[in-house]
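Colleague: entry_32.tsv is reproduced in full below (TSV, C-alpha atoms).
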chain	number	residue	atom	x	y	z
A	1	MET	CA	92.85	147.76	75.23
A	2	SER	CA	94.18	149.43	72.12
A	3	ALA	CA	97.71	150.80	72.00
A	4	LYS	CA	96.39	154.36	71.87
A	5	SER	CA	94.10	153.94	74.86
A	6	ALA	CA	96.87	152.15	76.77
A	7	MET	CA	99.20	155.08	76.11
A	8	GLU	CA	96.47	157.48	77.27
A	9	GLN	CA	96.10	155.39	80.43
A	10	ALA	CA	99.85	155.55	81.01
A	11	LYS	CA	99.70	159.35	80.65
A	12	ALA	CA	96.74	159.55	83.05
A	13	ASN	CA	98.61	157.38	85.56
A	14	TRP	CA	101.66	159.63	85.50
A	15	GLU	CA	99.47	162.70	85.92
A	16	MET	CA	97.72	161.04	88.86
A	17	TYR	CA	101.11	160.22	90.37
A	18	TYR	CA	102.02	163.91	90.12
A	19	THR	CA	98.73	164.95	91.71
A	20	LEU	CA	99.12	162.44	94.55
A	21	SER	CA	102.66	163.71	95.14
A	22	GLN	CA	101.35	167.26	95.47
A	23	GLU	CA	98.67	166.09	97.91
A	24	LEU	CA	101.20	164.10	99.95
A	25	LEU	CA	103.33	167.20	100.33
A	26	LYS	CA	100.32	169.27	101.36
A	27	PHE	CA	99.14	166.83	104.04
A	28	ILE	CA	102.56	166.13	105.53
A	29	GLY	CA	103.01	169.90	105.75
A	30	LYS	CA	99.79	170.06	107.78
A	31	GLU	CA	100.97	167.04	109.80
A	32	ASP	CA	97.74	165.23	108.88
A	33	ILE	CA	99.41	161.86	109.12
A	34	ASP	CA	96.26	159.76	108.69
A	35	GLU	CA	95.49	161.42	105.35
A	36	PHE	CA	99.18	161.24	104.41
A	37	ILE	CA	99.23	157.47	105.01
A	38	ASP	CA	96.00	157.04	103.03
A	39	LEU	CA	97.49	158.98	100.11
A	40	THR	CA	100.69	156.93	100.34
A	41	GLN	CA	98.64	153.75	100.01
A	42	GLN	CA	96.78	155.18	97.02
A	43	ARG	CA	100.08	156.07	95.37
A	44	GLU	CA	101.45	152.56	96.03
A	45	LYS	CA	98.40	151.05	94.32
A	46	LEU	CA	98.87	153.43	91.40
A	47	VAL	CA	102.52	152.42	91.06
A	48	ALA	CA	101.49	148.75	91.02
A	49	ARG	CA	99.00	149.56	88.23
A	50	MET	CA	101.68	151.48	86.35
A	51	LYS	CA	104.08	148.54	86.59
A	52	GLY	CA	101.39	146.26	85.18
A	53	LEU	CA	100.91	148.44	82.11
A	54	PRO	CA	103.73	147.96	79.57
A	55	GLU	CA	102.96	151.32	77.95
A	56	THR	CA	104.07	153.06	81.15
A	57	GLU	CA	107.72	152.64	80.14
A	58	ALA	CA	107.00	153.70	76.56
A	59	TYR	CA	105.26	156.85	77.80
A	60	ARG	CA	108.08	157.48	80.29
A	61	LYS	CA	110.48	157.92	77.38
A	62	THR	CA	108.46	160.78	75.86
A	63	ALA	CA	109.50	164.39	76.33
A	64	GLU	CA	106.11	165.14	77.86
A	65	CYS	CA	106.63	162.55	80.59
A	66	GLN	CA	110.22	163.60	81.17
A	67	ALA	CA	109.00	167.15	81.84
A	68	LEU	CA	106.45	165.77	84.30
A	69	ILE	CA	109.11	163.67	86.02
A	70	GLU	CA	111.23	166.79	86.45
A	71	GLN	CA	108.28	168.34	88.31
A	72	ILE	CA	107.79	165.20	90.42
A	73	LYS	CA	111.42	164.82	91.55
A	74	PRO	CA	111.54	167.95	93.77
A	75	LEU	CA	108.15	167.04	95.25
A	76	ASP	CA	109.39	163.57	96.16
A	77	MET	CA	112.55	165.03	97.72
A	78	GLN	CA	110.45	167.42	99.84
A	79	ILE	CA	108.11	164.60	100.86
A	80	ILE	CA	111.05	162.44	101.94
A	81	TYR	CA	112.66	165.32	103.85
A	82	LYS	CA	109.42	166.26	105.65
A	83	ALA	CA	108.56	162.62	106.40
A	84	LYS	CA	112.01	162.05	107.94
A	85	SER	CA	111.69	165.29	109.88
A	86	TRP	CA	108.27	164.29	111.17
A	87	LEU	CA	109.54	160.83	112.11
A	88	ASN	CA	112.48	162.28	114.04
A	89	LYS	CA	110.18	164.73	115.82
A	90	SER	CA	107.83	161.88	116.74
A	91	LYS	CA	110.73	159.80	118.06
A	92	ARG	CA	111.90	162.72	120.24
A	93	GLN	CA	108.38	163.26	121.57
A	94	ASN	CA	108.01	159.56	122.25
A	95	ALA	CA	111.35	159.48	124.10
A	96	THR	CA	110.28	162.47	126.18
A	97	VAL	CA	107.01	160.82	127.12
A	98	HIS	CA	108.78	157.58	128.07
A	99	ALA	CA	111.28	159.50	130.19
A	100	TYR	CA	108.40	160.18	132.57
A	101	ASP	CA	107.32	156.55	132.80
A	102	LEU	CA	107.44	155.26	136.35
A	103	GLN	CA	108.48	151.72	135.57
A	104	GLY	CA	109.44	149.57	138.49
A	105	ILE	CA	107.86	151.96	140.96
A	106	ASN	CA	104.44	151.54	142.41
A	107	PRO	CA	103.10	155.04	141.76
A	108	LEU	CA	100.31	154.64	144.31
A	109	GLY	CA	102.52	153.57	147.17
A	110	ASN	CA	106.02	154.95	146.83
A	111	ILE	CA	105.66	158.53	145.69
A	112	LEU	CA	102.28	159.71	146.90
A	113	ASN	CA	102.38	158.19	150.36
A	114	LYS	CA	105.77	159.52	151.45
A	115	LYS	CA	105.79	162.04	154.27
A	116	TYR	CA	108.26	164.86	153.89
Spell out the structure here as structure tokens.
Modeller:
Amino acid sequence: MSAKSAMEQAKANWEMYYTLSQELLKFIGKEDIDEFIDLTQQREKLVARMKGLPETEAYRKTAECQALIEQIKPLDMQIIYKAKSWLNKSKRQNATVHAYDLQGINPLGNILNKKY
């Protein structure tokens, strides 16, 4: 791969990272967790590819990439905030569901068969 095409690939990778960040934010906002997880995995693979391309760091130092990074940072902060919020909400819902578990009690014998 020539230096020019490697630099173009680095640019394309950063643009894809930005696009995936936008999509992550959209799907966590919709609480479409399956799609969110799929997009997270895609972004992880992209990051691995970016780390394997030495030109990624060279492109990162350009003004063009720095401007893109400034657009990515607030998206990542929103994704983190919404993901934590969703996780906390899920934990509360899970705790509520488990509060109604009838552990240690035979639900067929003890509660339903009592005469009041």
Colleague: May I ask which of the residues A:Ala58, A:Leu39, A:Ala3, A:Ile72 is the closest one to Glu15 (chain A), counting all atoms listed in the file?
Modeller: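 Looking only at the distances to Glu15 (chain A), the closest residue turns out to be A:Ile72.
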Colleague: So what do you get for CA of Ser2 (chain A) versus CA of Lys61 (chain A), distance-wise?
Modeller: 19.1 Å
Colleague: Near Ile79 (chain A), counting all atoms listed in the file, which residues have an atom at most 8 Å away, once you skip same-chain residues fewer than 5 positions from it, shown as a list in words?
Modeller: Ser21, Leu24, Leu25 and Ile28 of chain A
Colleague: Grab the CA of Leu75 (chain A) to CA of Gln22 (chain A) distance for me, in Å with one decimal place.
Modeller: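 Interatomic distance here is 6.8 Å.
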Colleague: Can you tell me, as number ranges by chain, what residues are no more than 12 Å from Leu68 (chain A) when counting only C-alpha atoms, ignoring any on the same chain fewer than 3 positions away?
Modeller: A: 11-19, 21, 59-65, 71-75
Colleague: Enter the distance from CA of Gln9 (chain A) to CA of Ile80 (chain A), in Å, rounded to one decimal.
Modeller: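 Spanning CA of Gln9 (chain A) to CA of Ile80 (chain A) is a straight-line distance of 27.1 Å.
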Colleague: Of the candidates A:Ser5, A:Tyr81, A:Leu20, A:Lys30, which shows the shortest atom-to-atom distance to Lys45 (chain A), using only C-alpha atoms?
Modeller: A:Leu20
Colleague: Using only C-alpha atoms, can you tell me which of A:Glu55, A:Asp76, A:Glu70, A:Glu44 comes closest to Lys26 (chain A)?
Modeller: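 Comparing A:Glu55, A:Asp76, A:Glu70, A:Glu44 against Lys26 (chain A), the winner is A:Asp76.
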Colleague: Find, counting only C-alpha atoms, the residue in A:Ile33, A:Pro54, A:Gln42, A:Arg92 that gets nearest to Ala6 (chain A).
Modeller: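 Between A:Ile33, A:Pro54, A:Gln42, A:Arg92, the residue approaching Ala6 (chain A) most closely is A:Pro54.
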Colleague: Given all atoms listed in the file as the basis, pick out the residue of A:Ala83, A:Ala67, A:Met50, A:Thr56 nearest to Ile37 (chain A).
Modeller: A:Ala83
